[in-house]
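J.: What follows is start.txt, made up of compact mmCIF, C-alpha atoms:
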```txt
# COMPACT_ATOMS: atom_id res chain seq x y z
CA MET A 1 0.00 0.00 0.00
CA GLY A 2 1.48 3.33 -1.06
CA LEU A 3 1.99 6.50 0.89
CA LYS A 4 -0.51 9.30 1.24
CA ILE A 5 1.00 12.48 -0.15
CA TRP A 6 -0.24 15.98 0.57
CA LEU A 7 -0.63 17.75 -2.77
CA ASN A 8 -1.83 21.37 -2.73
CA ASP A 9 -5.06 21.15 -0.74
CA GLY A 10 -5.38 17.57 0.43
CA LEU A 11 -4.07 14.03 0.67
CA VAL A 12 -3.84 11.84 -2.43
CA ASP A 13 -2.53 8.35 -3.12
CA GLU A 14 1.16 8.19 -3.96
CA ARG A 15 0.40 7.16 -7.55
CA ASP A 16 -1.76 10.26 -8.02
CA ALA A 17 0.77 12.75 -6.62
CA LYS A 18 1.83 14.42 -9.87
CA VAL A 19 2.94 17.87 -11.00
CA SER A 20 3.05 19.39 -14.48
CA VAL A 21 6.16 19.00 -16.63
CA PHE A 22 5.90 22.78 -17.07
CA ASP A 23 6.25 23.45 -13.34
CA HIS A 24 9.28 25.70 -12.88
CA GLY A 25 10.26 23.67 -9.84
CA LEU A 26 11.05 20.87 -12.30
CA LEU A 27 12.27 22.99 -15.20
CA TYR A 28 14.54 25.31 -13.21
CA GLY A 29 14.71 24.14 -9.61
CA ASP A 30 12.58 27.19 -8.78
CA GLY A 31 11.13 26.53 -5.37
CA VAL A 32 12.00 25.92 -1.73
CA PHE A 33 11.96 22.95 0.62
CA GLU A 34 12.48 21.76 4.17
CA GLY A 35 13.49 18.40 5.61
CA ILE A 36 11.88 17.81 9.01
CA ARG A 37 12.16 14.91 11.45
CA VAL A 38 9.37 13.08 13.23
CA TYR A 39 10.06 11.59 16.66
CA ASN A 40 7.46 9.54 18.54
CA GLY A 41 4.88 10.70 16.01
CA ASN A 42 5.62 14.37 16.70
CA VAL A 43 6.93 16.91 14.19
CA PHE A 44 10.30 18.08 15.52
CA GLU A 45 10.91 21.85 15.70
CA GLY A 46 8.09 22.44 13.23
CA PRO A 47 7.74 26.21 13.85
CA ALA A 48 11.47 26.78 13.27
CA HIS A 49 11.40 24.82 10.01
CA LEU A 50 8.32 26.64 8.75
CA LYS A 51 9.81 30.02 9.65
CA ARG A 52 12.90 29.16 7.58
CA LEU A 53 10.73 27.93 4.69
CA TYR A 54 8.79 31.20 4.54
CA GLU A 55 12.02 33.22 4.80
CA SER A 56 13.55 31.26 1.91
CA ALA A 57 10.39 31.85 -0.12
CA LYS A 58 10.47 35.57 0.62
CA VAL A 59 14.05 35.89 -0.59
CA ILE A 60 13.22 34.33 -3.97
CA MET A 61 9.86 36.19 -4.16
CA LEU A 62 7.77 33.04 -4.02
CA ASP A 63 4.28 33.24 -2.52
CA ILE A 64 3.39 30.18 -0.47
CA PRO A 65 -0.34 29.63 -1.07
CA MET A 66 -1.28 28.95 2.56
CA ASP A 67 -0.46 30.46 5.92
CA ILE A 68 1.91 28.88 8.44
CA GLU A 69 -0.86 27.48 10.66
CA THR A 70 -2.59 25.76 7.74
CA LEU A 71 0.68 24.32 6.46
CA ALA A 72 1.57 23.05 9.95
CA ASP A 73 -1.80 21.31 10.15
CA ALA A 74 -1.25 19.75 6.70
CA MET A 75 2.06 18.31 7.92
CA GLU A 76 0.38 16.82 10.97
CA GLN A 77 -2.35 15.27 8.82
CA THR A 78 0.24 13.74 6.48
CA VAL A 79 2.22 12.25 9.37
CA ARG A 80 -0.94 10.72 10.86
CA ALA A 81 -2.20 9.42 7.52
CA ASN A 82 1.03 7.48 7.03
CA ASN A 83 1.35 6.45 10.70
CA VAL A 84 4.90 7.80 10.81
CA GLN A 85 6.37 7.44 14.30
CA GLU A 86 10.09 7.76 13.58
CA GLY A 87 10.62 9.34 10.21
CA TYR A 88 11.12 12.30 7.96
CA ILE A 89 9.03 14.94 6.23
CA ARG A 90 9.99 16.50 2.92
CA LEU A 91 8.04 19.74 2.45
CA ILE A 92 8.27 21.31 -1.01
CA VAL A 93 6.78 24.44 -2.54
CA THR A 94 7.33 25.03 -6.27
CA ARG A 95 6.97 28.20 -8.33
CA GLY A 96 4.20 26.61 -10.38
CA VAL A 97 3.24 26.07 -14.00
CA GLY A 98 4.76 28.44 -16.55
CA ASP A 99 6.27 28.17 -20.00
CA LEU A 100 9.76 27.29 -21.21
CA GLY A 101 11.03 30.80 -20.50
CA LEU A 102 12.61 32.01 -17.27
CA ASN A 103 9.97 34.59 -16.27
CA PRO A 104 8.71 33.42 -12.85
CA PHE A 105 5.88 35.93 -12.68
CA ILE A 106 3.78 34.13 -15.28
CA CYS A 107 3.77 30.93 -13.21
CA LYS A 108 0.46 29.83 -11.75
CA ASN A 109 -0.69 27.15 -9.35
CA GLY A 110 2.50 26.49 -7.43
CA ALA A 111 2.56 22.99 -5.97
CA THR A 112 2.69 22.37 -2.22
CA ILE A 113 3.92 18.83 -1.59
CA ILE A 114 4.36 17.04 1.74
CA ILE A 115 5.90 13.57 1.92
CA ALA A 116 6.13 11.75 5.26
CA SER A 117 8.13 8.53 5.27
CA GLU A 118 11.22 6.84 6.70
CA ILE A 119 14.85 7.93 6.31
CA ARG A 120 18.24 6.61 7.34
CA LEU A 121 21.21 8.63 6.20
CA TYR A 122 24.01 6.66 7.85
CA PRO A 123 24.17 3.09 9.20
CA GLU A 124 24.16 2.83 12.98
CA GLU A 125 27.76 1.59 13.10
CA LEU A 126 29.04 4.92 11.76
CA TYR A 127 27.60 6.70 14.79
CA GLU A 128 29.86 4.49 16.89
CA LYS A 129 32.92 4.53 14.62
CA GLY A 130 32.62 8.00 13.06
CA LEU A 131 32.78 9.31 9.50
CA LYS A 132 35.56 9.96 7.02
CA VAL A 133 35.21 13.26 5.16
CA VAL A 134 37.13 15.11 2.47
CA SER A 135 37.57 18.70 1.34
CA VAL A 136 36.04 19.34 -2.08
CA SER A 137 36.55 21.92 -4.79
CA SER A 138 32.84 22.76 -5.13
CA ILE A 139 32.41 25.87 -2.99
CA ARG A 140 29.26 27.16 -1.34
CA ASN A 141 27.23 29.64 -3.32
CA HIS A 142 28.71 33.12 -3.39
CA PRO A 143 26.55 35.44 -1.24
CA LEU A 144 25.87 37.60 -4.31
CA SER A 145 24.34 34.61 -6.10
CA CYS A 146 21.47 32.72 -4.50
CA PRO A 147 22.12 33.27 -0.78
CA PRO A 148 23.40 30.03 0.77
CA GLN A 149 20.84 30.36 3.57
CA VAL A 150 18.03 29.76 1.07
CA LYS A 151 16.99 26.09 0.86
CA SER A 152 16.09 26.12 -2.80
CA LEU A 153 15.16 23.19 -5.02
CA ASN A 154 18.32 23.81 -7.03
CA TYR A 155 20.70 21.72 -4.95
CA LEU A 156 23.22 20.96 -7.69
CA ASN A 157 26.06 22.71 -5.88
CA ASN A 158 25.69 20.36 -2.93
CA ILE A 159 25.19 17.36 -5.21
CA LEU A 160 28.46 18.10 -7.00
CA ALA A 161 30.18 18.22 -3.62
CA LYS A 162 28.60 14.90 -2.64
CA ILE A 163 29.79 13.35 -5.91
CA GLU A 164 33.35 14.44 -5.12
CA ALA A 165 33.12 12.88 -1.66
CA ILE A 166 31.73 9.58 -2.92
CA GLN A 167 34.39 9.34 -5.63
CA ALA A 168 37.03 9.90 -2.96
CA GLY A 169 35.58 7.09 -0.84
CA ALA A 170 34.28 9.42 1.88
CA ALA A 171 30.87 9.73 3.49
CA GLU A 172 30.68 13.53 3.38
CA ALA A 173 32.18 16.59 1.73
CA ILE A 174 33.50 19.66 3.50
CA MET A 175 32.68 22.77 1.48
CA TYR A 176 34.42 26.13 1.74
CA ASN A 177 33.26 29.61 0.82
CA HIS A 178 34.80 31.93 -1.76
CA LEU A 179 37.24 33.24 0.88
CA GLY A 180 38.48 29.78 1.81
CA TYR A 181 36.69 29.50 5.16
CA VAL A 182 34.72 26.41 6.15
CA ALA A 183 31.05 26.74 5.22
CA GLU A 184 29.37 23.38 5.79
CA ALA A 185 29.19 19.80 4.57
CA SER A 186 27.13 18.89 1.50
CA GLY A 187 24.09 18.24 3.67
CA ASP A 188 25.11 18.97 7.25
CA ASN A 189 26.55 21.66 9.50
CA VAL A 190 30.16 21.37 10.71
CA PHE A 191 31.43 21.67 14.28
CA THR A 192 34.84 21.29 15.88
CA VAL A 193 35.86 20.86 19.53
CA ARG A 194 39.15 22.36 20.71
CA ASN A 195 40.19 22.53 24.38
CA GLY A 196 36.64 21.72 25.41
CA VAL A 197 35.09 24.57 23.37
CA VAL A 198 32.63 23.82 20.58
CA CYS A 199 33.19 25.94 17.45
CA ALA A 200 30.93 26.41 14.43
CA PRO A 201 31.20 28.51 11.28
CA PRO A 202 28.83 31.49 11.37
CA THR A 203 25.99 31.74 8.88
CA GLN A 204 27.88 34.62 7.24
CA ALA A 205 30.49 32.07 6.12
CA GLY A 206 27.88 30.24 4.07
CA SER A 207 26.72 27.91 6.82
CA LEU A 208 23.03 27.11 6.68
CA ASP A 209 21.21 28.26 9.80
CA GLY A 210 20.48 24.63 10.58
CA ILE A 211 17.65 23.70 12.93
CA THR A 212 19.62 20.80 14.44
CA ARG A 213 22.67 23.09 14.59
CA ASP A 214 20.72 25.62 16.65
CA VAL A 215 19.35 22.95 18.99
CA VAL A 216 22.83 21.49 19.59
CA ILE A 217 24.26 24.95 20.33
CA LYS A 218 21.42 25.59 22.79
CA LEU A 219 21.95 22.22 24.50
CA ALA A 220 25.73 22.76 24.73
CA LYS A 221 25.29 26.15 26.37
CA LYS A 222 22.72 24.74 28.80
CA GLU A 223 25.27 22.09 29.81
CA GLY A 224 27.94 24.71 30.40
CA ILE A 225 29.96 23.77 27.33
CA GLY A 226 31.61 26.79 25.73
CA VAL A 227 30.40 27.63 22.20
CA GLN A 228 31.97 29.98 19.67
CA GLU A 229 30.72 30.88 16.22
CA LYS A 230 33.76 31.95 14.21
CA ASP A 231 35.47 31.52 10.87
CA LEU A 232 37.25 28.18 10.61
CA THR A 233 39.98 27.16 8.20
CA ARG A 234 41.05 23.75 6.97
CA PHE A 235 43.87 23.96 9.51
CA ASP A 236 41.33 24.33 12.33
CA LEU A 237 39.61 21.14 11.26
CA TYR A 238 42.83 19.16 10.91
CA VAL A 239 44.03 20.01 14.43
CA ALA A 240 40.66 19.77 16.18
CA ASP A 241 40.35 17.53 19.23
CA GLU A 242 36.97 16.45 17.90
CA MET A 243 34.81 17.13 14.88
CA PHE A 244 31.16 16.36 14.27
CA LEU A 245 28.32 17.09 11.87
CA THR A 246 24.70 17.94 12.58
CA GLY A 247 21.65 17.80 10.38
CA THR A 248 18.00 16.85 10.26
CA ALA A 249 18.73 13.38 8.88
CA ALA A 250 22.20 12.92 10.37
CA GLU A 251 21.30 14.26 13.84
CA VAL A 252 24.75 14.37 15.55
CA ILE A 253 27.56 12.23 14.11
CA GLY A 254 31.29 12.26 14.79
CA VAL A 255 34.04 12.74 12.19
CA VAL A 256 37.23 10.73 12.75
CA GLU A 257 39.21 11.37 9.57
CA MET A 258 39.50 14.32 7.17
CA ASP A 259 41.63 14.37 4.03
CA GLY A 260 43.56 11.38 5.36
CA ARG A 261 44.30 13.09 8.72
CA VAL A 262 43.03 11.38 11.85
CA ILE A 263 40.87 13.70 13.95
CA GLY A 264 41.44 13.48 17.69
CA GLY A 265 41.87 9.89 18.77
CA GLY A 266 40.30 8.41 15.65
CA VAL A 267 36.97 7.74 17.38
CA PRO A 268 34.07 10.09 18.22
CA GLY A 269 35.20 12.15 21.22
CA PRO A 270 33.55 12.67 24.61
CA VAL A 271 31.96 16.03 23.78
CA THR A 272 30.51 14.64 20.55
CA LYS A 273 29.09 11.62 22.39
CA ARG A 274 27.68 13.83 25.12
CA LEU A 275 25.97 16.17 22.66
CA ARG A 276 24.63 13.25 20.66
CA LYS A 277 23.00 11.80 23.77
CA LEU A 278 21.64 15.19 24.82
CA PHE A 279 20.16 15.68 21.39
CA PHE A 280 18.73 12.15 21.32
CA ASP A 281 17.02 12.69 24.68
CA TYR A 282 15.79 16.18 23.76
CA ALA A 283 14.36 15.13 20.39
CA ARG A 284 12.46 12.21 21.86
CA SER A 285 11.17 14.07 24.89
```
Please go through the file and, once you have read it, give me the structure as structure tokens.

T.:
Amino acid sequence: MGLKIWLNDGLVDERDAKVSVFDHGLLYGDGVFEGIRVYNGNVFEGPAHLKRLYESAKVIMLDIPMDIETLADAMEQTVRANNVQEGYIRLIVTRGVGDLGLNPFICKNGATIIIASEIRLYPEELYEKGLKVVSVSSIRNHPLSCPPQVKSLNYLNNILAKIEAIQAGAAEAIMYNHLGYVAEASGDNVFTVRNGVVCAPPTQAGSLDGITRDVVIKLAKKEGIGVQEKDLTRFDLYVADEMFLTGTAAEVIGVVEMDGRVIGGGVPGPVTKRLRKLFFDYARS
């Protein structure tokens, strides 16, 4: 039995969830999205995700055809219809149906799509052993192009970075900005730990203002762990005592090797493990 997909104004069977081939979301990647976790049947940090979705839409001048409260209710209905207890929501809003030209203002009937299903980004053993990552040549979007804080449907930049990582035999890619500072991974935020202090690139460096990132920073501060948001270089990552990634799908996962250099002791460190447990408990509370 297939999934129930929210399409525009209600739930439809998976086989009936279709959009036009002239939708600019398909033709040009013109739209926005969010990935949201479900824990114990509850939408995790839903208001924060929806706030970011509407901000992304505002930046690209895309009108979302329903208000935040209605969209939140649609997510809840989709989760319940598919009986998702531990899973993932992909929320998509496209520009809508236009022609083969670029003009977005002729587009009509933008599609609102909500998919609620299961996801597993990394096998459980990697949370115990840690990831290997590599630096890649694909940089984060220049701030004068599409702002890197916008979660647009055009994700090719991140996909190119992921391709580089896979071809190098690594699980994730570390991306830099046009100035050479660490921005983020292809799908996750980057953190280091040095002398007991957790450090993260600021959003101005091209780091997405990640929801999981923000929760982890909040939990670290509550536990009395020092947190700094500052520009990081490749050197800072190489000499870190610990390194970890955060993301909606990844949650909190340690990095044990970067560009062939062992990070810390070659296993996820104590601060990483502590923050992972804190996040696990918080998310499922």

J.: Could you pull the residues within 12 Å of A:Leu11, counting all atoms listed in the file, minus those fewer than 6 positions along the same chain, as a list of chain:residue names?

T.: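 Final neighbour list, sorted by chain and number: A:Leu3, A:Lys4, A:Ile5, A:Ala17, A:Ala74, A:Met75, A:Glu76, A:Gln77, A:Thr78, A:Val79, A:Arg80, A:Ala81, A:Asn82, A:Thr112, A:Ile113, A:Ile114, A:Ile115, A:Ala116.
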
J.: Just write the chosen residues, C-alpha atoms, as a PDB file, keeping the file's coordinate frame.

T.:
```pdb
ATOM      1  CA  LEU A   3       1.990   6.500   0.890  1.00  0.00           C
ATOM      2  CA  LYS A   4      -0.510   9.300   1.240  1.00  0.00           C
ATOM      3  CA  ILE A   5       1.000  12.480  -0.150  1.00  0.00           C
ATOM      4  CA  ALA A  17       0.770  12.750  -6.620  1.00  0.00           C
ATOM      5  CA  ALA A  74      -1.250  19.750   6.700  1.00  0.00           C
ATOM      6  CA  MET A  75       2.060  18.310   7.920  1.00  0.00           C
ATOM      7  CA  GLU A  76       0.380  16.820  10.970  1.00  0.00           C
ATOM      8  CA  GLN A  77      -2.350  15.270   8.820  1.00  0.00           C
ATOM      9  CA  THR A  78       0.240  13.740   6.480  1.00  0.00           C
ATOM     10  CA  VAL A  79       2.220  12.250   9.370  1.00  0.00           C
ATOM     11  CA  ARG A  80      -0.940  10.720  10.860  1.00  0.00           C
ATOM     12  CA  ALA A  81      -2.200   9.420   7.520  1.00  0.00           C
ATOM     13  CA  ASN A  82       1.030   7.480   7.030  1.00  0.00           C
ATOM     14  CA  THR A 112       2.690  22.370  -2.220  1.00  0.00           C
ATOM     15  CA  ILE A 113       3.920  18.830  -1.590  1.00  0.00           C
ATOM     16  CA  ILE A 114       4.360  17.040   1.740  1.00  0.00           C
ATOM     17  CA  ILE A 115       5.900  13.570   1.920  1.00  0.00           C
ATOM     18  CA  ALA A 116       6.130  11.750   5.260  1.00  0.00           C
TER      19      ALA A 116
END
```

J.: Pick from A:Thr94, A:Ser285, A:Ser137, A:Thr248: nearest to A:Glu164, with all atoms listed in the file counted?

T.: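 Ranking A:Thr94, A:Ser285, A:Ser137, A:Thr248 by distance to A:Glu164, first place goes to A:Ser137.
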
J.: Here is a test: counting all atoms listed in the file, which residue of A:Ile36, A:Val190, A:Ala249, A:Ile166 is nearest to A:Arg120?

T.: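 When distances to A:Arg120 are compared using all atoms listed in the file, the smallest one comes from A:Ala249.
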
J.: Any idea what the distance is between atom CA of A:Tyr28 and atom CA of A:Leu208?

T.: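 Interatomic distance here is 21.7 Å.
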
J.: Determine the nearest neighbour of A:Tyr39 from the options A:Gln167, A:Asn8, A:Gln85, A:Ser135, counting only C-alpha atoms.

T.: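 Checking each of A:Gln167, A:Asn8, A:Gln85, A:Ser135 against A:Tyr39, counting only C-alpha atoms, the winner is A:Gln85.
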
J.: Here is a test: counting all atoms listed in the file, which residue of A:Gly29, A:Gly87, A:Gly226, A:Pro104 is nearest to A:Met61?

T.: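 Answer, going by the shortest atom-to-atom distance: A:Pro104.
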
J.: Might you pull out every residue within 7 Å of A:Leu232, with only C-alpha atoms counted and same-chain residues fewer than 2 positions away left off, and present them as an mmCIF file with C-alpha atoms, keeping the file's coordinate frame?

T.:
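Wrote out_21.cif, looks like this:
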```
data_model
loop_
_atom_site.group_PDB
_atom_site.id
_atom_site.type_symbol
_atom_site.label_atom_id
_atom_site.label_comp_id
_atom_site.auth_asym_id
_atom_site.auth_seq_id
_atom_site.Cartn_x
_atom_site.Cartn_y
_atom_site.Cartn_z
ATOM 1 C CA TYR A 181 36.690 29.500 5.160
ATOM 2 C CA VAL A 182 34.720 26.410 6.150
ATOM 3 C CA PRO A 201 31.200 28.510 11.280
ATOM 4 C CA LYS A 230 33.760 31.950 14.210
ATOM 5 C CA ARG A 234 41.050 23.750 6.970
ATOM 6 C CA ASP A 236 41.330 24.330 12.330
#
```

J.: Could you check how far atom CA of A:Gly269 sits from atom CA of A:Gly169, in Å to one decimal?

T.: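 For atom CA of A:Gly269 relative to atom CA of A:Gly169, the distance reads 22.6 Å.
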
J.: Residues within 9 Å of A:Val198, please, as a list in words. Count all atoms listed in the file; anything in the same chain fewer than 4 positions from it doesn't count.

T.: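 After dropping sequence-adjacent residues, the list is Phe191, Thr192, Val193, Arg194, Ile217, Ala220, Ile225, Gly226, Val227, Gln228, Glu229, Glu242 and Val271 of chain A.
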
J.: Counting only C-alpha atoms, figure out which residue out of A:Val215, A:Val59, A:Ala171, A:Ile92 gets nearest to A:Leu121.

T.: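 Distance minimum relative to A:Leu121 lands on A:Ala171.
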
J.: Could you list, as a JSON list (two decimals) with C-alpha atoms, in the coordinates of the input, every residue within 7 Å of stretch 126-129 of chain A, counting only C-alpha atoms and ignoring same-chain residues fewer than 2 positions away?

T.:
```
[["chain", "number", "residue", "atom", "x", "y", "z"],
["A", 122, "TYR", "CA", 24.01, 6.66, 7.85],
["A", 123, "PRO", "CA", 24.17, 3.09, 9.20],
["A", 124, "GLU", "CA", 24.16, 2.83, 12.98],
["A", 131, "LEU", "CA", 32.78, 9.31, 9.50],
["A", 253, "ILE", "CA", 27.56, 12.23, 14.11],
["A", 254, "GLY", "CA", 31.29, 12.26, 14.79],
["A", 267, "VAL", "CA", 36.97, 7.74, 17.38],
["A", 268, "PRO", "CA", 34.07, 10.09, 18.22]]
```

J.: Calculate how many Å separate atom CA of A:Met258 from atom CA of A:Lys132, rounding to one decimal.

T.: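 That distance, rounded to one decimal, is 5.9 Å.
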
J.: Which residue out of A:Val84, A:Leu100, A:Val21, A:Val32 has the minimum interatomic distance to A:Cys146 when all atoms listed in the file are used?

T.: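 With all atoms listed in the file as the atom set, the closest residue is A:Val32.
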
J.: Can you rebuild stretch 42-60 of chain A with N, CA and C atoms and give it as a tab-separated table (two decimals), in the coordinates of the input?

T.:
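As a result, out-v6.tsv now contains:
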```
chain	number	residue	atom	x	y	z
A	42	ASN	N	5.70	12.91	16.59
A	42	ASN	CA	5.62	14.37	16.70
A	42	ASN	C	6.57	15.05	15.73
A	43	VAL	N	6.09	16.12	15.09
A	43	VAL	CA	6.93	16.91	14.19
A	43	VAL	C	7.95	17.68	15.02
A	44	PHE	N	9.24	17.50	14.71
A	44	PHE	CA	10.30	18.08	15.52
A	44	PHE	C	10.64	19.50	15.06
A	45	GLU	N	10.56	20.45	15.99
A	45	GLU	CA	10.91	21.85	15.70
A	45	GLU	C	10.16	22.38	14.48
A	46	GLY	N	8.89	22.02	14.38
A	46	GLY	CA	8.09	22.44	13.23
A	46	GLY	C	8.04	23.95	13.01
A	47	PRO	N	7.79	24.75	14.05
A	47	PRO	CA	7.74	26.21	13.85
A	47	PRO	C	9.04	26.79	13.29
A	48	ALA	N	10.19	26.28	13.76
A	48	ALA	CA	11.47	26.78	13.27
A	48	ALA	C	11.66	26.43	11.80
A	49	HIS	N	11.28	25.22	11.41
A	49	HIS	CA	11.40	24.82	10.01
A	49	HIS	C	10.48	25.66	9.12
A	50	LEU	N	9.25	25.87	9.57
A	50	LEU	CA	8.32	26.64	8.75
A	50	LEU	C	8.76	28.10	8.64
A	51	LYS	N	9.29	28.65	9.71
A	51	LYS	CA	9.81	30.02	9.65
A	51	LYS	C	10.91	30.12	8.59
A	52	ARG	N	11.81	29.14	8.57
A	52	ARG	CA	12.90	29.16	7.58
A	52	ARG	C	12.36	28.98	6.16
A	53	LEU	N	11.33	28.14	6.01
A	53	LEU	CA	10.73	27.93	4.69
A	53	LEU	C	10.16	29.24	4.15
A	54	TYR	N	9.41	29.95	5.00
A	54	TYR	CA	8.79	31.20	4.54
A	54	TYR	C	9.85	32.28	4.30
A	55	GLU	N	10.93	32.26	5.06
A	55	GLU	CA	12.02	33.22	4.80
A	55	GLU	C	12.71	32.92	3.47
A	56	SER	N	12.96	31.63	3.20
A	56	SER	CA	13.55	31.26	1.91
A	56	SER	C	12.65	31.70	0.76
A	57	ALA	N	11.34	31.47	0.92
A	57	ALA	CA	10.39	31.85	-0.12
A	57	ALA	C	10.38	33.36	-0.34
A	58	LYS	N	10.47	34.12	0.75
A	58	LYS	CA	10.47	35.57	0.62
A	58	LYS	C	11.67	36.06	-0.17
A	59	VAL	N	12.83	35.46	0.09
A	59	VAL	CA	14.05	35.89	-0.59
A	59	VAL	C	13.93	35.69	-2.10
A	60	ILE	N	13.32	34.57	-2.53
A	60	ILE	CA	13.22	34.33	-3.97
A	60	ILE	C	11.88	34.82	-4.53
```
